[in-house]
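Colleague: Questions regarding the structure given below will be posed in turn.
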Amino acid sequence: MYWSKTLIPTMKETPEGAEIPSHVLMLRAGLVTQVMAGAYTYLPLGLRSLQKATAIVREEMNRAGAVELFMSAMCPISLYEQTNRVEAFGDVLVKASLPRGGKKVPIVFCPTHEEIVTDLVSRFVSSYRQLPLTLYQIQTKFRNEERPRFGVLRTSEFIMKDAYSFHTSLESLNETYKTMYDAYCRIFGRCSLPYLPVEAESGPIGGDASHEFMIPSPNGEDKVVHCGNCGYAANTEKAEIGGCGKDKPEKSDVLLKEIAELDTPGAHTVEQVCKFLKVKPVRLIKTLIYLADGKPVAVLVRGDHEANENKIRRSLKVQKLELADPDTIQRVTGAPVGFAGPVGMVEKIPIHADHAVLEVVNAVTGANKDEKHLVNVSPYRDFRPTSIDDLRNATDGDPCPRCCHKLKIRQAIEVGHVFKLGTKYSDSLNARFLDADETQKTIIMGCYGIGVNRIIAGLIETSYDESGIIWPVNLAPYEVVICPMKVADEKMMELAKTLHDDLEKRGIDCIVDDRDQRAGVKFKDADLIGFPLRIVLGEKGLAEGKIETKWRWEKDASMLDVAGAVETIAAMLDDERKNAKRFLNR
RNA sequence: CGGGGCGUGGCGCAGCCUGGUUUAGCGCGUCUGACUGGGGGUCAGAAGGUCGCAGGUUCAAAUCCUGUCGCCCCGACCA
C-alpha cells in the first residue's frame, strides 16, 4: 500500500471528549471516527487491525474444532419472547419494526445469538450422532448502552465472536469448555495481550462453570481480585473470601462499652454518619433490608463493604432478591431509609450477617428510629444473627480463599467470556435429541464470546507511550512502514517500490509513506500509528548501499545492506510473529 | 435515569460575564508558489464559518432569556 492511496487522517491534537489512551490514540492515529455516541466507523487502518484480530480468532476457533456460520443480525422478537429475554434485556435490546404488506413486523437487532442458534439446532439436529457440535460466527451485535463511553470499549454496536456448543452430556460440555478455554488463551496470547482468566459468576450450574478473560488496565470497568502467591483470580463479585481466621472470638482486651442512642439528624448514608460521628466506615454495621422471594430480610455488612446480591441469593437459597422499597423499610424497621439497625430486629425478620460484621465491636448502627443511630453495639451481646455467611464483594487485602495471602484488587477490561449454559435455552426453545438409549433428551449447551473491538482497544490501553501506539506485529495494521526521505529522488522511490513489492510477495503487510513531507512529519506519524518496523531510505545510507531499520519499541535504529535486506527483514518479522508473548516483557 | 461540563471553518481553542470598533479572531490542517529536506521547517498568497437548532428580548444578539437537539465526564444500570 502507498500512503497517498489510502485514507489516514492523523491528528496532532486530541479531539475534545476523548480521555482514555485507547480512545485518544485511535482517533489521533486515524483508526476510527465517531458517528454518534456509541457507534464508530473503522477507517482503513483501524479495519486492518480489526481484521488481524478476527483472523487470529477464526484460525484458533477452527483449530479448536468450531465451525463457522453467519446468522442474521435481525430476528423476530417472538424468539426472544419465548426465552423471556425481551424483559430480561429491557432497554438494552434494540427493537424496530418492519413494514410488510401493510403490517408491522416487530424485530430486534440481536444482542447475542442464543435464540437463533438454538432454534437452528433444534430444527436440524435430532440425533446424538450429530453431537457434539460447536458453531460460531463473527458478527456485529447491538446492545443499546444507556451511557456509551470510553471510545470503542463500550459501544452500542460492536463486533463479537460468539460460539455455541451443543452436547449430549455434561462430560462432553466440560471437554469442549476446556478446549475453548485453551483456544482463548492462545488467541489472547497471539494478540500479545496480558490476559488474566478469572472465575466469574457462573449461573445455574455452579462451581468453576464460568471464566472471564480480563486485561488488567486502570481504565477497565470490571474489578478482579488476584492472588500473587497462588494465582487465584476472580471477578470481585464472584471471589470467595478466604476463611483464614474469620469468626474469631472477640479479643478479651477490648472493652465492650454501654450501648447508647444518639441524634444523627440528616445522616442516612454511611458517609454522612461517619462524618457526623467522626468515625471510620469500618466501625459501622450497614443494615440492608431486602425482599427475598418477596419476604423482608435484613442483611448486615461492614460499613466499608459492599453487599453481593448473588452471594446473598445463594446463601438464602432464594430465586428473587431485591432491595426493599421505602414503604416496606418504614413498615419493617419503623424508620425511613437510612436508619435501620440489627438491635431488636430479629424478632421481626431474619438477620443474615456477613462474617466481617462479627468482628466489629462497639459499632455504630441505625436505631430503627428516624434521625437516630446507636453507638457501642456489639454482636452477640446486642443482636444475634439468624445466619452467618460470605455475603459481600471482595476488597483489596482480603485473604485468598486458596492460600490466605492477601488478594490484590485490579481494574480490568473484559475481552472474553466462556460459560456453561446448561439447558436454559434448549429447554425454552425445545432443542432435543434422541439418545442411544432411544429416549428424548434436552441438549446441553455452552457459549463462548469474545469482544473483538476490545482486543484492539485493550491492546492499546496496555501498549503505548508518549508518541503513540505500540503495535505487536500480529495486530499492526501494517507490519512495516517504508519512509523514503526524498520522494523527488527517482532511484530512492524505485528502491522503495522494490522493497515494498518483495516484502508483500512474502506476505508482509507493508506501507510506503510516499508523501512529499519532511522527515519529522513522517516519523511522528509512524510513531503515532505505531507500525512495529520502520525502514528509512536516506541519501547517505543509500550511497553506501544501506537502509535503516528501527523497531517501534526500541530507541535506536540499525543499518542493513540493501542486498539481502528483504530476507533479513522477513526473518526478523517471522521471529516476532512467533514470539507474541515476548512483546509483553518489553 | 440523577449530577456536572461543552457545542464558534476539517481539528484544537479565544471572544460571551459587561449586546454595537469584529466585514467573527488565533493555532494546526488544506490549496497555490518559492526556498528547504533525518524528528511536525520558512516566506508570500488563498479557500473555508447562517457562531448546534428553534423561538423570544432589543434599534442591534456568537454574546441576554426560553425551549430543544447533540456530545463528553461522574454515578445508577448492564445478558
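Chain labels run A, B, ... following the order of the C-alpha cells; each chain numbers its residues from 1, and ligands are numbered from 1 in the order shown.
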Taking only C-alpha atoms (C1' of nucleotides) into account, which residues of chain A are within 8 Å of chain B, as a PyMOL selection string?
Modeller: chain A and resi 11-18+37+88-89+92+145-146+485-486+518-521+523-524+538
Colleague: How would the residues just chosen look if you wrote them out with N, CA and C atoms as a PDB file, in the first residue's frame?
Modeller:
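Contents of the output file out_1.pdb:
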ATOM      1  N   MET A  11      -4.028  13.080  13.574  1.00  0.00           N
ATOM      2  CA  MET A  11      -4.269  14.382  14.196  1.00  0.00           C
ATOM      3  C   MET A  11      -3.188  14.713  15.208  1.00  0.00           C
ATOM      4  N   LYS A  12      -2.772  15.961  15.180  1.00  0.00           N
ATOM      5  CA  LYS A  12      -1.788  16.404  16.171  1.00  0.00           C
ATOM      6  C   LYS A  12      -2.439  16.585  17.520  1.00  0.00           C
ATOM      7  N   GLU A  13      -3.669  17.102  17.478  1.00  0.00           N
ATOM      8  CA  GLU A  13      -4.326  17.411  18.745  1.00  0.00           C
ATOM      9  C   GLU A  13      -5.368  16.358  19.104  1.00  0.00           C
ATOM     10  N   THR A  14      -5.635  16.257  20.387  1.00  0.00           N
ATOM     11  CA  THR A  14      -6.627  15.307  20.853  1.00  0.00           C
ATOM     12  C   THR A  14      -8.011  15.899  20.677  1.00  0.00           C
ATOM     13  N   PRO A  15      -8.906  15.206  19.968  1.00  0.00           N
ATOM     14  CA  PRO A  15     -10.273  15.726  19.824  1.00  0.00           C
ATOM     15  C   PRO A  15     -10.940  15.883  21.187  1.00  0.00           C
ATOM     16  N   GLU A  16     -11.789  16.871  21.307  1.00  0.00           N
ATOM     17  CA  GLU A  16     -12.496  17.135  22.554  1.00  0.00           C
ATOM     18  C   GLU A  16     -13.312  15.900  22.932  1.00  0.00           C
ATOM     19  N   GLY A  17     -13.267  15.548  24.206  1.00  0.00           N
ATOM     20  CA  GLY A  17     -14.113  14.441  24.656  1.00  0.00           C
ATOM     21  C   GLY A  17     -13.390  13.132  24.852  1.00  0.00           C
ATOM     22  N   ALA A  18     -12.286  12.941  24.148  1.00  0.00           N
ATOM     23  CA  ALA A  18     -11.549  11.695  24.310  1.00  0.00           C
ATOM     24  C   ALA A  18     -10.640  11.819  25.525  1.00  0.00           C
ATOM     25  N   ALA A  37     -22.772   8.816  19.602  1.00  0.00           N
ATOM     26  CA  ALA A  37     -22.362   8.218  20.866  1.00  0.00           C
ATOM     27  C   ALA A  37     -22.562   6.708  20.778  1.00  0.00           C
ATOM     28  N   ALA A  88     -35.840  -9.449  30.157  1.00  0.00           N
ATOM     29  CA  ALA A  88     -34.532  -9.530  30.810  1.00  0.00           C
ATOM     30  C   ALA A  88     -33.571  -8.463  30.273  1.00  0.00           C
ATOM     31  N   PHE A  89     -33.602  -8.256  28.976  1.00  0.00           N
ATOM     32  CA  PHE A  89     -32.709  -7.263  28.386  1.00  0.00           C
ATOM     33  C   PHE A  89     -33.224  -5.833  28.584  1.00  0.00           C
ATOM     34  N   VAL A  92     -31.857  -2.479  26.832  1.00  0.00           N
ATOM     35  CA  VAL A  92     -30.618  -2.825  26.132  1.00  0.00           C
ATOM     36  C   VAL A  92     -30.934  -3.373  24.740  1.00  0.00           C
ATOM     37  N   GLU A 145     -26.604   0.867  24.888  1.00  0.00           N
ATOM     38  CA  GLU A 145     -25.998   1.232  26.161  1.00  0.00           C
ATOM     39  C   GLU A 145     -26.634   2.524  26.631  1.00  0.00           C
ATOM     40  N   GLU A 146     -27.066   2.523  27.869  1.00  0.00           N
ATOM     41  CA  GLU A 146     -27.639   3.745  28.426  1.00  0.00           C
ATOM     42  C   GLU A 146     -26.623   4.870  28.317  1.00  0.00           C
ATOM     43  N   MET A 485      13.132   9.310   2.239  1.00  0.00           N
ATOM     44  CA  MET A 485      13.288  10.667   2.756  1.00  0.00           C
ATOM     45  C   MET A 485      13.094  11.729   1.675  1.00  0.00           C
ATOM     46  N   LYS A 486      13.236  11.326   0.439  1.00  0.00           N
ATOM     47  CA  LYS A 486      13.116  12.314  -0.637  1.00  0.00           C
ATOM     48  C   LYS A 486      12.319  11.706  -1.786  1.00  0.00           C
ATOM     49  N   ARG A 518       8.495  16.314   5.176  1.00  0.00           N
ATOM     50  CA  ARG A 518       9.806  16.256   5.812  1.00  0.00           C
ATOM     51  C   ARG A 518       9.899  15.024   6.714  1.00  0.00           C
ATOM     52  N   ALA A 519      11.097  14.684   7.089  1.00  0.00           N
ATOM     53  CA  ALA A 519      11.332  13.502   7.910  1.00  0.00           C
ATOM     54  C   ALA A 519      10.501  13.535   9.190  1.00  0.00           C
ATOM     55  N   GLY A 520      10.479  14.710   9.835  1.00  0.00           N
ATOM     56  CA  GLY A 520       9.793  14.824  11.115  1.00  0.00           C
ATOM     57  C   GLY A 520       8.340  14.408  11.034  1.00  0.00           C
ATOM     58  N   VAL A 521       7.677  14.883   9.975  1.00  0.00           N
ATOM     59  CA  VAL A 521       6.260  14.564   9.805  1.00  0.00           C
ATOM     60  C   VAL A 521       6.065  13.056   9.666  1.00  0.00           C
ATOM     61  N   PHE A 523       8.072  10.587  10.586  1.00  0.00           N
ATOM     62  CA  PHE A 523       8.438   9.855  11.798  1.00  0.00           C
ATOM     63  C   PHE A 523       7.373   9.994  12.880  1.00  0.00           C
ATOM     64  N   LYS A 524       6.863  11.225  13.035  1.00  0.00           N
ATOM     65  CA  LYS A 524       5.841  11.438  14.061  1.00  0.00           C
ATOM     66  C   LYS A 524       4.595  10.604  13.773  1.00  0.00           C
ATOM     67  N   GLY A 538      17.484   6.807   3.140  1.00  0.00           N
ATOM     68  CA  GLY A 538      18.077   8.141   3.130  1.00  0.00           C
ATOM     69  C   GLY A 538      19.221   8.215   2.133  1.00  0.00           C
TER      70      GLY A 538
END
Colleague: Would you give me, as number ranges by chain, the residues in segment 97-157 of chain A that DSSP reads as strand (DSSP E or B)?
Modeller: A: 97-100, 103-109, 127, 133-142, 149, 154, 157
Colleague: Write out as a PyMOL selection string each polymer residue whose atoms come within 9 Å of Tyr195 of chain A, counting only C-alpha atoms (C1' of nucleotides); drop sequence neighbours fewer than 4 positions from it.
Modeller: chain A and resi 185+188-189+213-216+415
Colleague: If you count only C-alpha atoms (C1' of nucleotides), which residues fall within 12 Å of A47 of chain B, apart from same-chain ones fewer than 6 positions away, as a tab-separated table (two decimals) with N, CA, C and O atoms (P, O5', C5', C4', C3', O3' and C1' of nucleotides), in the first residue's frame?
Modeller:
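Here's the written file part_33.tsv:
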chain	number	residue	atom	x	y	z
B	9	G	P	-17.17	25.50	13.97
B	9	G	O5'	-16.33	25.91	12.70
B	9	G	C5'	-15.60	24.92	11.98
B	9	G	C4'	-15.68	25.22	10.51
B	9	G	C3'	-14.67	24.42	9.68
B	9	G	O3'	-15.33	23.89	8.55
B	9	G	C1'	-14.47	26.75	9.24
B	30	U	P	-1.68	19.73	5.35
B	30	U	O5'	-2.96	20.27	4.57
B	30	U	C5'	-4.04	19.40	4.26
B	30	U	C4'	-5.08	20.14	3.46
B	30	U	C3'	-4.55	20.85	2.23
B	30	U	O3'	-4.41	19.97	1.12
B	30	U	C1'	-5.96	22.31	3.42
B	31	C	P	-3.13	20.08	0.17
B	31	C	O5'	-3.54	21.32	-0.73
B	31	C	C5'	-4.69	21.25	-1.58
B	31	C	C4'	-4.90	22.59	-2.25
B	31	C	C3'	-3.65	23.20	-2.89
B	31	C	O3'	-3.38	22.65	-4.16
B	31	C	C1'	-4.77	24.83	-1.61
B	32	U	P	-1.86	22.51	-4.65
B	32	U	O5'	-1.52	24.01	-5.06
B	32	U	C5'	-2.24	24.68	-6.07
B	32	U	C4'	-1.68	26.05	-6.28
B	32	U	C3'	-0.16	26.13	-6.31
B	32	U	O3'	0.38	25.78	-7.57
B	32	U	C1'	-1.00	27.85	-4.92
Colleague: With distances taken over only C-alpha atoms, which of A:Pro296, A:His268, A:Ala496, A:Arg331 is nearest to Leu316 of chain A?
Modeller: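 Among the listed residues, A:Pro296 lies closest to Leu316 of chain A.
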Colleague: So that I can check the surroundings of segment 43-45 of chain B, please list as a short mmCIF file (atom, residue, chain, number, x, y, z; two decimals) with N, CA and C atoms (P, O5', C5', C4', C3', O3' and C1' of nucleotides), in the first residue's frame every protein, DNA and RNA residue that reaches within 10 Å of it, counting only C-alpha atoms (C1' of nucleotides) and ignoring chain neighbours fewer than 5 positions away.
Modeller:
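Listing of part_0.cif after writing:
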data_model
loop_
_atom_site.label_atom_id
_atom_site.label_comp_id
_atom_site.auth_asym_id
_atom_site.auth_seq_id
_atom_site.Cartn_x
_atom_site.Cartn_y
_atom_site.Cartn_z
P U B 32 -1.86 22.51 -4.65
"O5'" U B 32 -1.52 24.01 -5.06
"C5'" U B 32 -2.24 24.68 -6.07
"C4'" U B 32 -1.68 26.05 -6.28
"C3'" U B 32 -0.16 26.13 -6.31
"O3'" U B 32 0.38 25.78 -7.57
"C1'" U B 32 -1.00 27.85 -4.92
P G B 33 1.79 25.04 -7.63
"O5'" G B 33 2.81 26.20 -7.28
"C5'" G B 33 2.98 27.29 -8.18
"C4'" G B 33 3.81 28.37 -7.55
"C3'" G B 33 5.17 27.93 -7.01
"O3'" G B 33 6.13 27.75 -8.03
"C1'" G B 33 4.13 29.40 -5.47
P A B 34 7.35 26.74 -7.79
"O5'" A B 34 8.27 27.57 -6.79
"C5'" A B 34 8.94 28.73 -7.25
"C4'" A B 34 9.58 29.45 -6.09
"C3'" A B 34 10.61 28.65 -5.31
"O3'" A B 34 11.87 28.61 -5.94
"C1'" A B 34 9.17 29.74 -3.81
P C B 35 12.79 27.29 -5.84
"O5'" C B 35 13.38 27.39 -4.37
"C5'" C B 35 14.31 28.43 -4.07
"C4'" C B 35 14.40 28.64 -2.58
"C3'" C B 35 14.98 27.48 -1.77
"O3'" C B 35 16.39 27.41 -1.84
"C1'" C B 35 13.06 28.29 -0.69
#
Colleague: Could you list, as a list in words, every residue within 9 Å of segment 56-66 of chain B, counting only C-alpha atoms (C1' of nucleotides) and ignoring same-chain residues fewer than 6 positions away?
Modeller: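 Using only C-alpha atoms (C1' of nucleotides), the neighbours found are U8, G15, C16, G19, G20 and A24 of chain B.
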Colleague: Restrict the selected residues to all heavy atoms and save them as a CSV table (one decimal), in the first residue's frame.
Modeller:
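For reference, part-v4.csv as written:
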chain,number,residue,atom,x,y,z
B,8,U,P,-18.4,24.0,18.2
B,8,U,OP1,-18.5,23.3,16.9
B,8,U,OP2,-17.2,23.8,19.0
B,8,U,O5',-18.6,25.5,17.9
B,8,U,C5',-19.5,26.0,16.9
B,8,U,C4',-19.1,27.3,16.4
B,8,U,O4',-18.9,28.3,17.5
B,8,U,C3',-17.8,27.3,15.7
B,8,U,O3',-17.8,26.9,14.4
B,8,U,C2',-17.4,28.8,15.8
B,8,U,O2',-18.1,29.6,14.9
B,8,U,C1',-17.9,29.1,17.2
B,8,U,N1,-16.8,28.9,18.3
B,8,U,C2,-15.8,29.9,18.4
B,8,U,O2,-15.8,30.9,17.7
B,8,U,N3,-14.9,29.7,19.3
B,8,U,C4,-14.8,28.6,20.2
B,8,U,O4,-13.9,28.5,21.0
B,8,U,C5,-15.9,27.6,20.0
B,8,U,C6,-16.8,27.8,19.1
B,15,G,P,-12.7,33.6,26.4
B,15,G,OP1,-12.4,34.4,27.6
B,15,G,OP2,-13.6,32.5,26.4
B,15,G,O5',-13.3,34.6,25.3
B,15,G,C5',-12.8,36.0,25.2
B,15,G,C4',-13.4,36.7,24.1
B,15,G,O4',-13.3,35.9,22.9
B,15,G,C3',-14.9,37.0,24.3
B,15,G,O3',-15.1,38.2,25.0
B,15,G,C2',-15.4,37.1,22.8
B,15,G,O2',-15.2,38.4,22.3
B,15,G,C1',-14.5,36.1,22.1
B,15,G,N9,-15.1,34.8,21.9
B,15,G,C8,-15.0,33.6,22.6
B,15,G,N7,-15.7,32.7,22.2
B,15,G,C5,-16.3,33.2,21.0
B,15,G,C6,-17.2,32.6,20.1
B,15,G,O6,-17.7,31.4,20.1
B,15,G,N1,-17.6,33.4,19.1
B,15,G,C2,-17.2,34.7,19.0
B,15,G,N2,-17.6,35.4,17.9
B,15,G,N3,-16.3,35.3,19.8
B,15,G,C4,-16.0,34.5,20.8
B,16,C,P,-15.7,38.2,26.5
B,16,C,OP1,-15.8,39.6,26.9
B,16,C,OP2,-15.1,37.1,27.3
B,16,C,O5',-17.2,37.7,26.2
B,16,C,C5',-18.1,38.5,25.5
B,16,C,C4',-19.5,37.9,25.5
B,16,C,O4',-19.5,36.6,24.9
B,16,C,C3',-20.1,37.6,26.9
B,16,C,O3',-21.4,38.0,27.0
B,16,C,C2',-19.9,36.1,27.2
B,16,C,O2',-20.9,35.6,28.0
B,16,C,C1',-20.0,35.6,25.7
B,16,C,N1,-19.2,34.4,25.5
B,16,C,C2,-19.9,33.2,25.1
B,16,C,O2,-21.2,33.2,25.0
B,16,C,N3,-19.2,32.1,24.9
B,16,C,C4,-17.9,32.1,25.0
B,16,C,N4,-17.3,30.9,24.7
B,16,C,C5,-17.2,33.2,25.4
B,16,C,C6,-17.9,34.3,25.6
B,19,G,P,-23.9,44.4,27.9
B,19,G,OP1,-24.2,45.8,28.0
B,19,G,OP2,-24.9,43.3,28.3
B,19,G,O5',-23.5,44.0,26.4
B,19,G,C5',-23.0,42.8,26.0
B,19,G,C4',-23.1,42.6,24.6
B,19,G,O4',-24.5,42.3,24.3
B,19,G,C3',-22.7,43.7,23.7
B,19,G,O3',-22.2,43.3,22.5
B,19,G,C2',-24.1,44.4,23.4
B,19,G,O2',-24.1,45.2,22.2
B,19,G,C1',-25.0,43.2,23.4
B,19,G,N9,-26.4,43.6,23.8
B,19,G,C8,-26.8,44.0,25.0
B,19,G,N7,-28.1,44.2,25.0
B,19,G,C5,-28.5,43.8,23.7
B,19,G,C6,-29.8,43.9,23.2
B,19,G,O6,-30.9,44.2,23.7
B,19,G,N1,-29.8,43.5,21.8
B,19,G,C2,-28.7,43.1,21.2
B,19,G,N2,-28.9,42.7,19.9
B,19,G,N3,-27.5,43.0,21.7
B,19,G,C4,-27.5,43.5,22.9
B,20,G,P,-20.9,44.0,21.9
B,20,G,OP1,-20.1,42.9,21.2
B,20,G,OP2,-20.2,44.8,22.9
B,20,G,O5',-21.5,44.9,20.8
B,20,G,C5',-22.2,44.4,19.7
B,20,G,C4',-22.2,45.5,18.6
B,20,G,O4',-23.2,46.4,18.8
B,20,G,C3',-20.9,46.3,18.5
B,20,G,O3',-20.7,46.6,17.1
B,20,G,C2',-21.2,47.5,19.3
B,20,G,O2',-20.5,48.6,18.9
B,20,G,C1',-22.7,47.7,18.9
B,20,G,N9,-23.5,48.4,19.9
B,20,G,C8,-23.2,48.7,21.2
B,20,G,N7,-24.2,49.3,21.8
B,20,G,C5,-25.2,49.4,20.9
B,20,G,C6,-26.5,49.9,20.9
B,20,G,O6,-27.1,50.4,21.9
B,20,G,N1,-27.2,49.8,19.7
B,20,G,C2,-26.7,49.3,18.6
B,20,G,N2,-27.4,49.2,17.5
B,20,G,N3,-25.4,48.7,18.5
B,20,G,C4,-24.8,48.9,19.7
B,24,A,P,-18.4,39.9,10.9
B,24,A,OP1,-19.2,38.7,10.5
B,24,A,OP2,-18.6,40.7,12.1
B,24,A,O5',-16.9,39.3,10.9
B,24,A,C5',-15.9,39.9,11.8
B,24,A,C4',-15.6,38.9,12.9
B,24,A,O4',-16.8,38.1,13.3
B,24,A,C3',-14.6,37.8,12.5
B,24,A,O3',-13.3,38.2,12.6
B,24,A,C2',-14.9,36.8,13.7
B,24,A,O2',-14.3,37.2,14.9
B,24,A,C1',-16.4,36.9,13.8
B,24,A,N9,-17.1,35.8,13.1
B,24,A,C8,-17.8,35.9,11.9
B,24,A,N7,-18.4,34.7,11.6
B,24,A,C5,-18.0,33.9,12.6
B,24,A,C6,-18.3,32.5,12.8
B,24,A,N6,-19.0,31.8,12.0
B,24,A,N1,-17.8,32.0,13.9
B,24,A,C2,-17.1,32.7,14.8
B,24,A,N3,-16.7,34.0,14.7
B,24,A,C4,-17.2,34.5,13.6
Colleague: Please return, as a VMD selection string, all residues of segment 214-398 of chain A that DSSP assigns to helix (DSSP H, G or I) on the basis of the backbone.
Modeller: chain A and resid 270 to 277 281 to 283 309 to 316 326 to 333 355 to 359
Colleague: Do a neighbour search on segment 125-134 of chain A at 8 Å with only C-alpha atoms (C1' of nucleotides), toss out local chain neighbours closer than 4 positions, and write the hits as a PyMOL selection string.
Modeller: chain A and resi 65-67+121+163-168+172+432-436
Colleague: Restrict the selected residues to all heavy atoms and save them as a short mmCIF file (atom, residue, chain, number, x, y, z; two decimals), in the first residue's frame.
Modeller:
data_model
loop_
_atom_site.label_atom_id
_atom_site.label_comp_id
_atom_site.auth_asym_id
_atom_site.auth_seq_id
_atom_site.Cartn_x
_atom_site.Cartn_y
_atom_site.Cartn_z
N GLY A 65 -11.89 -26.85 16.55
CA GLY A 65 -12.97 -27.71 16.10
C GLY A 65 -14.33 -27.03 15.98
O GLY A 65 -15.34 -27.69 15.75
N ALA A 66 -14.36 -25.70 16.15
CA ALA A 66 -15.62 -24.99 15.98
C ALA A 66 -15.85 -24.73 14.49
O ALA A 66 -14.91 -24.62 13.72
CB ALA A 66 -15.60 -23.68 16.75
N VAL A 67 -17.12 -24.65 14.11
CA VAL A 67 -17.47 -24.47 12.70
C VAL A 67 -18.13 -23.11 12.51
O VAL A 67 -19.06 -22.76 13.25
CB VAL A 67 -18.45 -25.57 12.25
CG1 VAL A 67 -18.68 -25.47 10.75
CG2 VAL A 67 -17.92 -26.94 12.62
N VAL A 121 -30.45 -25.22 15.70
CA VAL A 121 -30.04 -26.58 16.07
C VAL A 121 -31.26 -27.46 16.36
O VAL A 121 -31.30 -28.64 16.01
CB VAL A 121 -29.06 -26.54 17.26
CG1 VAL A 121 -28.90 -27.91 17.88
CG2 VAL A 121 -27.71 -26.01 16.79
N ALA A 163 -19.58 -18.17 20.05
CA ALA A 163 -19.61 -19.60 19.74
C ALA A 163 -20.59 -20.27 20.69
O ALA A 163 -20.77 -19.83 21.83
CB ALA A 163 -18.22 -20.19 19.90
N TYR A 164 -21.23 -21.34 20.19
CA TYR A 164 -22.20 -22.07 20.98
C TYR A 164 -21.93 -23.55 20.79
O TYR A 164 -21.78 -24.01 19.66
CB TYR A 164 -23.62 -21.73 20.51
CG TYR A 164 -23.86 -20.24 20.49
CD1 TYR A 164 -23.57 -19.49 19.35
CD2 TYR A 164 -24.35 -19.58 21.62
CE1 TYR A 164 -23.76 -18.12 19.33
CE2 TYR A 164 -24.55 -18.20 21.61
CZ TYR A 164 -24.25 -17.48 20.47
OH TYR A 164 -24.44 -16.13 20.46
N SER A 165 -21.84 -24.28 21.90
CA SER A 165 -21.59 -25.72 21.77
C SER A 165 -22.81 -26.50 22.26
O SER A 165 -23.53 -26.05 23.15
CB SER A 165 -20.33 -26.12 22.54
OG SER A 165 -20.52 -25.95 23.92
N PHE A 166 -23.01 -27.66 21.65
CA PHE A 166 -24.20 -28.47 21.92
C PHE A 166 -23.77 -29.89 22.26
O PHE A 166 -22.95 -30.47 21.55
CB PHE A 166 -25.11 -28.47 20.68
CG PHE A 166 -25.54 -27.08 20.30
CD1 PHE A 166 -24.74 -26.30 19.46
CD2 PHE A 166 -26.71 -26.54 20.80
CE1 PHE A 166 -25.11 -25.01 19.13
CE2 PHE A 166 -27.09 -25.24 20.47
CZ PHE A 166 -26.29 -24.48 19.63
N HIS A 167 -24.32 -30.42 23.34
CA HIS A 167 -23.82 -31.69 23.87
C HIS A 167 -24.92 -32.63 24.33
O HIS A 167 -26.02 -32.19 24.66
CB HIS A 167 -22.89 -31.41 25.06
CG HIS A 167 -21.84 -30.39 24.75
ND1 HIS A 167 -20.63 -30.71 24.21
CD2 HIS A 167 -21.86 -29.04 24.86
CE1 HIS A 167 -19.93 -29.60 24.03
NE2 HIS A 167 -20.65 -28.58 24.40
N THR A 168 -24.50 -33.90 24.40
CA THR A 168 -25.40 -34.92 24.94
C THR A 168 -25.18 -35.12 26.43
O THR A 168 -26.01 -35.71 27.11
CB THR A 168 -25.17 -36.27 24.24
OG1 THR A 168 -23.80 -36.64 24.44
CG2 THR A 168 -25.46 -36.17 22.75
N SER A 172 -19.19 -34.12 28.03
CA SER A 172 -18.88 -33.61 26.70
C SER A 172 -18.79 -32.07 26.74
O SER A 172 -17.90 -31.46 26.15
CB SER A 172 -19.97 -34.04 25.72
OG SER A 172 -19.89 -33.31 24.53
N ARG A 432 -34.05 -30.71 21.39
CA ARG A 432 -33.90 -32.05 21.98
C ARG A 432 -33.26 -33.00 20.98
O ARG A 432 -33.20 -32.71 19.79
CB ARG A 432 -35.25 -32.58 22.44
CG ARG A 432 -35.88 -31.70 23.53
CD ARG A 432 -37.38 -31.95 23.67
NE ARG A 432 -37.69 -33.26 24.20
CZ ARG A 432 -37.55 -33.61 25.48
NH1 ARG A 432 -37.12 -32.73 26.35
NH2 ARG A 432 -37.86 -34.82 25.88
N PHE A 433 -32.77 -34.10 21.50
CA PHE A 433 -32.17 -35.11 20.62
C PHE A 433 -32.57 -36.50 21.10
O PHE A 433 -32.95 -36.68 22.26
CB PHE A 433 -30.64 -34.98 20.61
CG PHE A 433 -30.00 -35.35 21.91
CD1 PHE A 433 -29.44 -36.60 22.11
CD2 PHE A 433 -29.94 -34.43 22.96
CE1 PHE A 433 -28.85 -36.95 23.32
CE2 PHE A 433 -29.35 -34.77 24.17
CZ PHE A 433 -28.81 -36.02 24.36
N LEU A 434 -32.49 -37.43 20.18
CA LEU A 434 -32.78 -38.82 20.53
C LEU A 434 -31.47 -39.50 20.86
O LEU A 434 -30.56 -39.56 20.05
CB LEU A 434 -33.47 -39.53 19.36
CG LEU A 434 -34.08 -40.89 19.67
CD1 LEU A 434 -35.19 -40.77 20.72
CD2 LEU A 434 -34.62 -41.54 18.39
N ASP A 435 -31.36 -39.98 22.11
CA ASP A 435 -30.10 -40.56 22.57
C ASP A 435 -29.98 -42.03 22.17
O ASP A 435 -30.95 -42.63 21.69
CB ASP A 435 -30.01 -40.41 24.09
CG ASP A 435 -28.55 -40.32 24.55
OD1 ASP A 435 -27.66 -40.61 23.73
OD2 ASP A 435 -28.31 -39.98 25.72
N ALA A 436 -28.81 -42.61 22.39
CA ALA A 436 -28.56 -44.01 22.03
C ALA A 436 -29.54 -44.95 22.73
O ALA A 436 -29.87 -46.02 22.22
CB ALA A 436 -27.13 -44.39 22.37
#
Colleague: Counting only C-alpha atoms, which of A:Lys550, A:His417, A:Lys320, A:Lys257 gets nearest to Asp382 of chain A?
Modeller: A:Lys257
Colleague: Can you work out which one of A:Cys483, A:Glu115, A:Glu261, A:Thr549 has the shortest atom-to-atom distance to Val86 of chain A, counting only C-alpha atoms?
Modeller: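 With only C-alpha atoms as the atom set, the closest residue is A:Glu115.
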